[in-house]
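**Q** Below is my_file.txt; it holds compact mmCIF, C-alpha atoms.
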```txt
# COMPACT_ATOMS: atom_id res chain seq x y z
CA SER W 126 6.81 -77.06 -189.92
CA PRO W 127 10.65 -76.76 -189.92
CA GLU W 128 10.88 -79.77 -187.58
CA ARG W 129 8.72 -81.87 -189.87
CA MET W 130 10.79 -80.84 -192.88
CA ARG W 131 13.97 -81.78 -191.00
CA ILE W 132 12.58 -85.23 -190.19
CA GLU W 133 11.44 -85.80 -193.77
CA SER W 134 14.86 -84.75 -195.10
CA TYR W 135 16.58 -87.12 -192.65
CA GLU W 136 14.32 -90.01 -193.63
CA ARG W 137 14.92 -89.38 -197.33
CA ARG W 138 18.63 -89.80 -196.68
CA LEU W 139 17.88 -93.18 -195.11
CA GLU W 140 16.53 -94.29 -198.48
CA ARG W 141 20.04 -94.18 -199.96
CA LEU W 142 22.94 -96.46 -199.14
CA LEU W 143 26.08 -95.14 -197.50
CA PRO W 144 28.89 -93.87 -199.72
CA GLY W 145 31.92 -96.13 -199.70
CA ASN W 146 35.16 -96.95 -201.47
CA GLY W 147 34.81 -100.74 -201.31
CA SER W 148 37.42 -101.21 -198.59
CA CYS W 149 37.02 -102.52 -195.07
CA ALA W 150 37.89 -100.39 -192.05
CA GLU W 151 40.90 -101.74 -190.19
CA GLY W 152 40.09 -104.03 -187.29
CA THR W 153 36.56 -104.84 -188.49
CA ALA W 154 34.97 -108.22 -189.20
CA PHE W 155 31.62 -109.47 -190.48
CA ILE W 156 30.10 -112.18 -188.29
CA THR W 157 27.15 -114.52 -188.71
CA VAL W 158 25.66 -117.16 -186.42
CA LEU W 159 24.53 -120.69 -187.28
CA SER W 160 22.39 -122.21 -184.54
CA ASN W 161 21.08 -125.37 -186.19
CA GLU W 162 21.39 -127.60 -189.23
CA THR W 163 18.31 -126.25 -191.02
CA TYR W 164 20.06 -122.93 -191.64
CA VAL W 165 23.16 -124.36 -193.35
CA PRO W 166 21.86 -123.43 -196.85
CA GLY W 167 21.40 -119.86 -195.61
CA ALA W 168 24.98 -119.76 -194.33
CA LEU W 169 26.30 -120.97 -197.67
CA CYS W 170 24.24 -118.45 -199.64
CA LEU W 171 25.19 -115.56 -197.35
CA HIS W 172 28.87 -116.30 -197.96
CA GLN W 173 28.39 -116.65 -201.71
CA SER W 174 26.38 -113.44 -202.03
CA LEU W 175 28.98 -111.50 -200.04
CA MET W 176 31.78 -112.82 -202.22
CA ARG W 177 29.80 -111.91 -205.32
CA VAL W 178 29.71 -108.23 -204.30
CA GLN W 179 33.48 -108.38 -203.61
CA THR W 180 33.46 -107.55 -199.93
CA SER W 181 36.82 -106.67 -198.41
CA CYS W 182 35.82 -107.46 -194.82
CA PRO W 183 36.53 -110.96 -193.49
CA LEU W 184 33.40 -113.02 -192.82
CA PHE W 185 33.38 -115.30 -189.78
CA LEU W 186 30.89 -118.06 -189.00
CA VAL W 187 30.18 -119.01 -185.38
CA ALA W 188 28.33 -122.32 -185.23
CA ASP W 189 26.59 -124.51 -182.70
CA VAL W 190 28.36 -127.73 -181.75
CA SER W 191 25.46 -129.67 -183.26
CA ILE W 192 26.67 -128.72 -186.76
CA GLY W 193 29.02 -131.48 -187.80
CA GLY W 194 29.92 -134.06 -190.41
CA VAL W 195 29.40 -133.14 -194.05
CA SER W 196 27.77 -129.80 -193.20
CA TRP W 197 30.69 -128.63 -191.06
CA ARG W 198 33.25 -129.66 -193.66
CA ARG W 199 31.27 -127.90 -196.39
CA LEU W 200 31.06 -124.71 -194.32
CA GLN W 201 34.78 -124.78 -193.58
CA GLN W 202 35.53 -125.17 -197.26
CA ARG W 203 33.45 -122.09 -198.05
CA TYR W 204 34.39 -119.82 -195.15
CA GLY W 205 37.86 -121.18 -194.50
CA ALA W 206 38.87 -123.22 -191.45
CA SER W 207 40.37 -120.16 -189.75
CA ARG W 208 37.08 -118.27 -190.07
CA THR W 209 34.78 -120.92 -188.63
CA LEU W 210 34.58 -121.40 -184.88
CA ARG W 211 32.31 -122.86 -182.22
CA PHE W 212 30.29 -121.09 -179.58
CA ASP W 213 32.20 -122.86 -176.81
CA THR W 214 35.24 -120.73 -177.74
CA LEU W 215 33.30 -117.59 -176.86
CA GLU W 216 31.80 -119.23 -173.79
CA ALA W 217 35.28 -120.06 -172.52
CA SER W 218 36.34 -116.42 -172.94
CA LEU W 219 33.35 -115.24 -170.92
CA GLU W 220 33.99 -117.73 -168.14
CA ALA W 221 37.63 -116.67 -167.94
CA TYR W 222 36.54 -113.04 -167.79
CA ASP W 223 34.19 -113.78 -164.90
CA ARG W 224 36.78 -115.82 -163.01
CA ALA W 225 39.21 -112.91 -163.24
CA GLY W 226 36.65 -110.75 -161.43
CA ARG W 227 36.33 -108.14 -164.16
CA GLY W 228 32.62 -108.77 -164.85
CA ARG W 229 29.69 -106.99 -163.27
CA ALA W 230 28.20 -109.09 -160.47
CA ASP W 231 30.42 -111.98 -161.50
CA HIS W 232 28.86 -114.65 -159.31
CA LYS W 233 25.32 -113.83 -160.44
CA LEU W 234 26.39 -113.80 -164.07
CA MET W 235 27.90 -117.25 -163.79
CA GLN W 236 24.75 -118.48 -162.06
CA GLY W 237 22.69 -116.93 -164.84
CA ARG W 238 24.68 -118.70 -167.54
CA ARG W 239 24.45 -122.03 -165.74
CA LEU W 240 20.72 -121.47 -165.35
CA ALA W 241 20.56 -120.77 -169.09
CA GLU W 242 22.33 -124.05 -169.82
CA HIS W 243 19.82 -125.86 -167.60
CA THR W 244 16.92 -124.08 -169.32
CA LEU W 245 18.14 -125.25 -172.72
CA MET W 246 17.23 -128.79 -171.71
CA GLN W 247 13.63 -127.91 -170.77
CA GLY W 248 11.57 -128.49 -173.91
CA VAL W 249 12.32 -128.20 -177.61
CA THR W 250 10.60 -124.89 -178.47
CA THR W 251 11.83 -122.91 -175.47
CA ALA W 252 15.27 -124.47 -175.73
CA SER W 253 15.61 -123.53 -179.41
CA TRP W 254 14.61 -119.92 -178.77
CA ALA W 255 16.75 -119.58 -175.62
CA ARG W 256 19.77 -121.10 -177.32
CA GLY W 257 19.44 -118.77 -180.31
CA THR W 258 19.07 -115.74 -178.04
CA GLN W 259 22.12 -116.63 -175.96
CA GLN W 260 24.24 -117.36 -179.00
CA LYS W 261 23.46 -114.09 -180.74
CA LEU W 262 24.27 -112.09 -177.61
CA MET W 263 27.51 -113.99 -177.25
CA MET W 264 28.79 -112.26 -180.41
CA TRP W 265 29.91 -109.40 -178.17
CA ALA W 266 32.59 -111.79 -176.85
CA PHE W 267 34.06 -112.26 -180.34
CA PRO W 268 37.85 -111.88 -180.05
CA GLY W 269 40.46 -110.00 -182.04
CA PHE W 270 38.50 -107.12 -183.60
CA ARG W 271 37.75 -103.56 -182.54
CA LYS W 272 34.46 -103.51 -184.42
CA ALA W 273 32.11 -106.11 -185.86
CA VAL W 274 29.14 -106.15 -188.22
CA PHE W 275 26.60 -108.84 -187.44
CA LEU W 276 24.73 -110.29 -190.44
CA ASP W 277 21.79 -112.62 -189.93
CA ILE W 278 22.09 -116.01 -191.59
CA ASP W 279 18.94 -115.47 -193.70
CA LEU W 280 20.21 -112.38 -195.55
CA LEU W 281 20.73 -112.19 -199.29
CA VAL W 282 23.38 -109.58 -200.07
CA LEU W 283 22.85 -107.56 -203.26
CA ALA W 284 25.39 -104.75 -202.87
CA ASN W 285 28.73 -104.21 -201.16
CA LEU W 286 28.37 -103.76 -197.38
CA ASP W 287 31.88 -102.57 -196.55
CA ALA W 288 30.63 -99.04 -195.78
CA LEU W 289 29.05 -100.51 -192.64
CA SER W 290 32.57 -101.07 -191.29
CA ARG W 291 32.93 -97.29 -190.95
CA GLN W 292 29.73 -96.73 -189.00
CA PRO W 293 29.83 -96.08 -185.26
CA PRO W 294 28.81 -98.78 -182.83
CA PHE W 295 26.01 -99.28 -181.98
CA SER W 296 24.20 -98.95 -185.33
CA ALA W 297 21.22 -100.85 -186.75
CA VAL W 298 18.24 -100.56 -189.09
CA ALA W 299 14.82 -99.51 -187.81
CA GLY W 300 12.19 -102.23 -187.76
CA LEU W 301 10.15 -101.00 -190.71
CA PRO W 302 7.33 -101.14 -191.62
CA PHE W 303 6.24 -101.53 -187.99
CA SER W 304 8.40 -99.02 -186.15
CA LYS W 305 11.03 -96.34 -186.63
CA LYS W 306 11.79 -96.22 -182.90
CA VAL W 307 13.14 -99.73 -182.43
CA PHE W 308 15.58 -101.70 -184.54
CA ASN W 309 15.62 -105.13 -186.12
CA SER W 310 18.62 -107.19 -185.00
CA GLY W 311 19.34 -108.70 -188.42
CA VAL W 312 22.14 -106.22 -189.24
CA MET W 313 24.11 -104.49 -186.49
CA VAL W 314 27.41 -102.65 -186.09
CA PHE W 315 28.82 -103.17 -182.60
CA GLU W 316 31.99 -103.07 -180.52
CA PRO W 317 32.98 -106.49 -179.15
CA SER W 318 33.35 -106.37 -175.38
CA LEU W 319 33.38 -109.11 -172.76
CA ARG W 320 31.77 -106.78 -170.27
CA THR W 321 28.91 -106.00 -172.65
CA ALA W 322 28.51 -109.69 -173.48
CA SER W 323 28.20 -110.51 -169.77
CA GLU W 324 25.67 -107.75 -169.20
CA LEU W 325 23.56 -108.80 -172.18
CA ILE W 326 23.48 -112.45 -171.13
CA ALA W 327 22.59 -111.43 -167.59
CA LEU W 328 19.65 -109.44 -168.98
CA SER W 329 18.54 -112.45 -170.98
CA LYS W 330 18.15 -114.42 -167.75
CA GLY W 331 16.51 -111.68 -165.70
CA ASN W 332 19.66 -110.70 -163.77
CA GLY W 333 19.48 -106.92 -163.55
CA ALA W 334 17.00 -104.42 -164.98
CA ARG W 335 13.62 -105.69 -166.07
CA VAL W 336 13.39 -105.98 -169.86
CA LYS W 337 10.07 -104.97 -171.37
CA THR W 338 8.40 -107.56 -173.56
CA TYR W 339 6.43 -105.31 -175.87
CA LEU W 340 8.67 -106.37 -178.77
CA GLU W 341 7.77 -110.03 -178.34
CA ALA W 342 5.18 -112.11 -180.14
CA ARG W 343 1.90 -112.42 -178.27
CA GLY W 344 1.99 -115.17 -175.71
CA SER W 345 5.80 -115.42 -175.62
CA SER W 346 7.23 -116.50 -172.28
CA HIS W 347 10.85 -115.79 -173.23
CA LEU W 348 12.84 -112.80 -174.43
CA SER W 349 14.39 -112.53 -177.87
CA ASP W 350 17.82 -111.08 -178.51
CA GLN W 351 16.00 -108.27 -180.32
CA SER W 352 14.13 -107.12 -177.21
CA ILE W 353 17.20 -107.42 -175.01
CA LEU W 354 19.32 -105.38 -177.42
CA ASN W 355 16.63 -102.72 -177.87
CA HIS W 356 16.44 -102.45 -174.09
CA TYR W 357 20.22 -102.27 -173.65
CA TYR W 358 20.79 -99.69 -176.42
CA ARG W 359 17.54 -97.75 -176.00
CA GLY W 360 18.08 -94.11 -176.98
CA ASN W 361 21.72 -94.83 -177.82
CA TRP W 362 21.86 -96.26 -181.32
CA THR W 363 22.55 -94.85 -184.77
CA ARG W 364 20.09 -95.52 -187.59
CA LEU W 365 21.47 -97.18 -190.69
CA PRO W 366 19.80 -96.72 -194.10
CA TRP W 367 16.81 -99.00 -194.46
CA GLY W 368 18.22 -100.79 -197.48
CA TYR W 369 20.82 -102.62 -195.40
CA ASN W 370 18.12 -104.74 -193.76
CA ALA W 371 15.07 -104.75 -196.06
CA HIS W 372 12.85 -107.56 -194.90
CA ARG W 373 10.20 -109.21 -197.02
CA ARG W 374 7.27 -107.66 -195.11
CA LEU W 375 8.49 -104.21 -196.10
CA PHE W 376 8.01 -105.05 -199.77
CA SER W 377 4.43 -106.22 -199.22
CA LEU W 378 3.24 -103.67 -196.65
CA GLU W 379 5.19 -100.58 -197.76
CA ALA W 380 5.61 -101.20 -201.47
CA LYS W 381 5.81 -97.49 -202.33
CA LEU W 382 8.63 -96.92 -199.84
CA ALA W 383 10.40 -100.12 -200.89
CA SER W 384 10.35 -98.97 -204.53
CA ARG W 385 12.33 -95.86 -203.57
CA LEU W 386 14.99 -97.64 -201.55
CA GLU W 387 18.49 -98.58 -202.60
CA ILE W 388 18.67 -102.20 -201.41
CA ALA W 389 21.89 -103.80 -200.20
CA ALA W 390 20.48 -106.81 -198.35
CA ILE W 391 17.13 -108.61 -198.24
CA HIS W 392 16.22 -110.19 -194.91
CA PHE W 393 14.06 -113.30 -195.23
CA ILE W 394 12.22 -113.09 -191.93
CA ASN W 395 9.67 -115.72 -190.91
CA ARG W 396 9.15 -119.14 -192.47
CA PRO W 397 9.41 -120.64 -194.95
CA LYS W 398 12.98 -119.65 -195.65
CA PRO W 399 13.74 -119.42 -199.38
CA TRP W 400 15.92 -122.55 -199.35
CA GLU W 401 12.96 -124.49 -197.91
CA VAL W 402 10.91 -123.70 -201.01
CA PRO W 403 11.95 -125.70 -204.10
CA ARG W 404 11.72 -123.56 -207.19
CA ALA W 405 8.98 -125.78 -208.65
CA HIS W 406 6.88 -125.45 -205.47
CA ALA W 407 7.18 -121.71 -204.84
CA ALA W 408 4.06 -120.75 -206.78
CA ALA W 409 1.94 -123.24 -204.84
CA ILE W 410 2.83 -122.03 -201.36
CA ALA W 411 0.88 -119.21 -199.75
CA VAL W 412 1.57 -117.23 -196.59
CA LYS W 413 -1.58 -115.98 -194.86
CA GLY W 414 -3.54 -116.40 -198.07
CA ARG W 415 -1.01 -114.60 -200.26
CA ARG W 416 1.38 -116.06 -202.80
CA ILE W 417 5.05 -116.16 -201.88
CA ASP W 418 6.59 -112.83 -202.85
CA PRO W 419 9.01 -112.73 -205.80
CA LEU W 420 11.92 -112.26 -203.40
CA VAL W 421 12.09 -116.04 -202.98
CA SER W 422 12.80 -116.33 -206.69
CA LYS W 423 15.55 -113.74 -206.29
CA TRP W 424 17.21 -115.96 -203.65
CA HIS W 425 16.87 -119.01 -205.91
CA THR W 426 18.46 -117.12 -208.79
CA ALA W 427 21.40 -116.11 -206.59
CA CYS W 428 21.90 -119.48 -204.86
CA PRO W 429 20.11 -122.26 -206.75
CA GLU W 430 22.58 -124.91 -205.63
CA PHE W 431 21.76 -124.40 -201.93
CA ALA W 432 17.98 -124.90 -202.07
CA LEU W 433 16.69 -128.13 -200.59
CA PRO W 434 15.89 -130.77 -203.21
CA VAL W 435 12.21 -131.48 -203.82
CA GLU W 436 12.32 -134.87 -202.13
CA ARG W 437 13.64 -133.31 -198.90
CA VAL W 438 10.54 -131.12 -198.53
CA SER W 439 7.93 -133.27 -200.26
CA ALA W 440 6.57 -134.40 -196.88
CA ARG W 441 5.91 -130.80 -195.86
CA THR W 442 2.60 -129.44 -197.04
CA PRO W 443 2.33 -125.82 -198.18
CA HIS W 444 0.37 -125.07 -195.00
CA HIS W 445 3.16 -126.50 -192.86
CA LEU W 446 5.81 -124.45 -194.63
CA ALA W 447 3.73 -121.29 -194.54
CA HIS W 448 3.12 -121.34 -190.80
CA ARG W 449 6.21 -122.90 -189.29
CA ARG W 450 8.01 -120.35 -187.09
CA GLY W 451 10.98 -122.22 -185.64
CA GLY W 452 12.12 -120.08 -182.68
CA GLU W 453 13.29 -116.88 -184.32
CA SER W 454 13.52 -113.46 -182.69
CA THR W 455 10.32 -111.52 -183.29
CA LEU W 456 9.54 -107.81 -183.40
CA VAL W 457 5.94 -106.83 -182.74
CA HIS W 458 4.52 -103.33 -183.11
CA ARG W 459 0.88 -102.29 -183.09
CA GLY W 460 -0.38 -105.79 -183.59
CA SER W 461 2.08 -106.77 -186.33
CA ARG W 462 5.29 -108.70 -186.11
CA THR W 463 8.48 -109.39 -187.96
CA SER W 464 11.26 -111.82 -187.16
CA GLY W 465 14.88 -110.92 -186.85
```
Starting from the file, give its structure as structure tokens.

**A**
Amino acid sequence: SPERMRIESYERRLERLLPGNGSCAEGTAFITVLSNETYVPGALCLHQSLMRVQTSCPLFLVADVSIGGVSWRRLQQRYGASRTLRFDTLEASLEAYDRAGRGRADHKLMQGRRLAEHTLMQGVTTASWARGTQQKLMMWAFPGFRKAVFLDIDLLVLANLDALSRQPPFSAVAGLPFSKKVFNSGVMVFEPSLRTASELIALSKGNGARVKTYLEARGSSHLSDQSILNHYYRGNWTRLPWGYNAHRRLFSLEAKLASRLEIAAIHFINRPKPWEVPRAHAAAIAVKGRRIDPLVSKWHTACPEFALPVERVSARTPHHLAHRRGGESTLVHRGSRTSG
């Protein structure tokens, strides 16, 4: 039918990357989030891979206060001291916004954030997930830019991403291979706004409209940033070409589609992360009975100096690495799931 042909033509266009001239749109920044020490190698590799493709957009790192010492100094050397900041800077901006009375339901929002802080102390697993969710949503409070492109810390960049700086907010990549109707939150184009940040954080704590949990992993008792954002932007987001957020499950479950795509960034969802797999151990580690896909080797080729040394992971068995989840955002569709 004509409608089917139109859809197929549209989806074929999503197999190609956006045209671009290698320059960054004025007033746009790339932003990534570092929530804990175990992701420091990912942060270093993300920066290196972006520099390798000669990005023109500035890349900022927003880190948890727990990142310190040698790791923090190393990150500042890579990113630059002026492009590394702490989450408490964004938190202070939100609190000032609420005190000025410009937020929606200011008193409830402040209560919600204080409740969130209290929740972070209630158990390691829930705290880790809640903290990561809150921190990712706080990116909407990022100051000084009209537009921002969020890049997850576990991305490996293979091609220039500057064309994303010219896409309208809100834009993201559909959560293939599980769904074309919802997006994965690993790559997003958005407009920073204190009001939006306040509304998103309120949603994360149940202040306001009920957020459906059908995007969550089975048995989850908490919401991921991915579900909250899909709820907030439902029916109001622009689809980016799939190659800007090609996660490893796409290559294994939709190999034919993946072979047709122009790939700009590989998203290493789920554990183990590639830096947790020493090159010598990669062949011995299986995920759900399958060998690690060759994408891990691609990460090691791009960033060999950031992989954990063998002695740092020798105590972890292949089974432990293959099934550790570690509080990431999860997208579930028709019985399958993929982390953000």

**Q** What residues have an atom no more than 10 Å from (18.5, -118.4, -204.4) in the file's own frame, counting only C-alpha atoms, and can you write them as JSON, numbers by chain?

**A** {"W": [166, 167, 170, 174, 281, 399, 400, 402, 403, 404, 420, 421, 422, 423, 424, 425, 426, 427, 428, 429, 430, 431, 432]}

**Q** Env of segment 308-324 of chain W: 8 Å cut, atoms = all atoms listed in the file, seq-sep filter 6 positions within chain, self excluded. Answer as a PyMOL selection string.

**A** chain W and resi 218-219+222+227-229+234+262-268+270-277+289-290+292-300+350-351+354-355+369-370+392+456+465

**Q** Would you work out the distance separating atom CA of Thr180 of chain W from atom CA of Gly193 of chain W, expressed in Å to one decimal?

**A**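 Separating atom CA of Thr180 of chain W from atom CA of Gly193 of chain W is a distance of 27.2 Å.
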
**Q** Using all atoms listed in the file, give me every residue within 12 Å of (37.5, -121.1, -193.8) in file coordinates, as a CSV table (one decimal) with C-alpha atoms, in the coordinates of the input.

**A**
```
chain,number,residue,atom,x,y,z
W,169,LEU,CA,26.3,-121.0,-197.7
W,172,HIS,CA,28.9,-116.3,-198.0
W,183,PRO,CA,36.5,-111.0,-193.5
W,184,LEU,CA,33.4,-113.0,-192.8
W,185,PHE,CA,33.4,-115.3,-189.8
W,186,LEU,CA,30.9,-118.1,-189.0
W,187,VAL,CA,30.2,-119.0,-185.4
W,197,TRP,CA,30.7,-128.6,-191.1
W,198,ARG,CA,33.2,-129.7,-193.7
W,199,ARG,CA,31.3,-127.9,-196.4
W,200,LEU,CA,31.1,-124.7,-194.3
W,201,GLN,CA,34.8,-124.8,-193.6
W,202,GLN,CA,35.5,-125.2,-197.3
W,203,ARG,CA,33.4,-122.1,-198.0
W,204,TYR,CA,34.4,-119.8,-195.2
W,205,GLY,CA,37.9,-121.2,-194.5
W,206,ALA,CA,38.9,-123.2,-191.4
W,207,SER,CA,40.4,-120.2,-189.8
W,208,ARG,CA,37.1,-118.3,-190.1
W,209,THR,CA,34.8,-120.9,-188.6
W,210,LEU,CA,34.6,-121.4,-184.9
```

**Q** I'd like the interatomic distance between atom CA of Cys182 of chain W and atom CA of Gly269 of chain W, to a tenth of an Å.

**A**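 Straight-line distance from atom CA of Cys182 of chain W to atom CA of Gly269 of chain W works out to 13.8 Å.
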
**Q** Just give me the gap between atom CA of Arg141 of chain W and atom CA of Ala383 of chain W in Å, one decimal is fine.

**A** 11.4 Å

**Q** Between W:Thr363, W:Gln173, W:Ser377, W:Ser181, which is the closest to Phe155 of chain W once you count only C-alpha atoms?

**A**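 Result for the nearest residue to Phe155 of chain W: W:Ser181.
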
**Q** For a quick check of understanding, using only C-alpha atoms, which of W:Thr163, W:Met176, W:Leu280, W:Asp287 has the smallest distance to Gly145 of chain W?

**A**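 Using only C-alpha atoms, Gly145 of chain W sits closest to W:Asp287.
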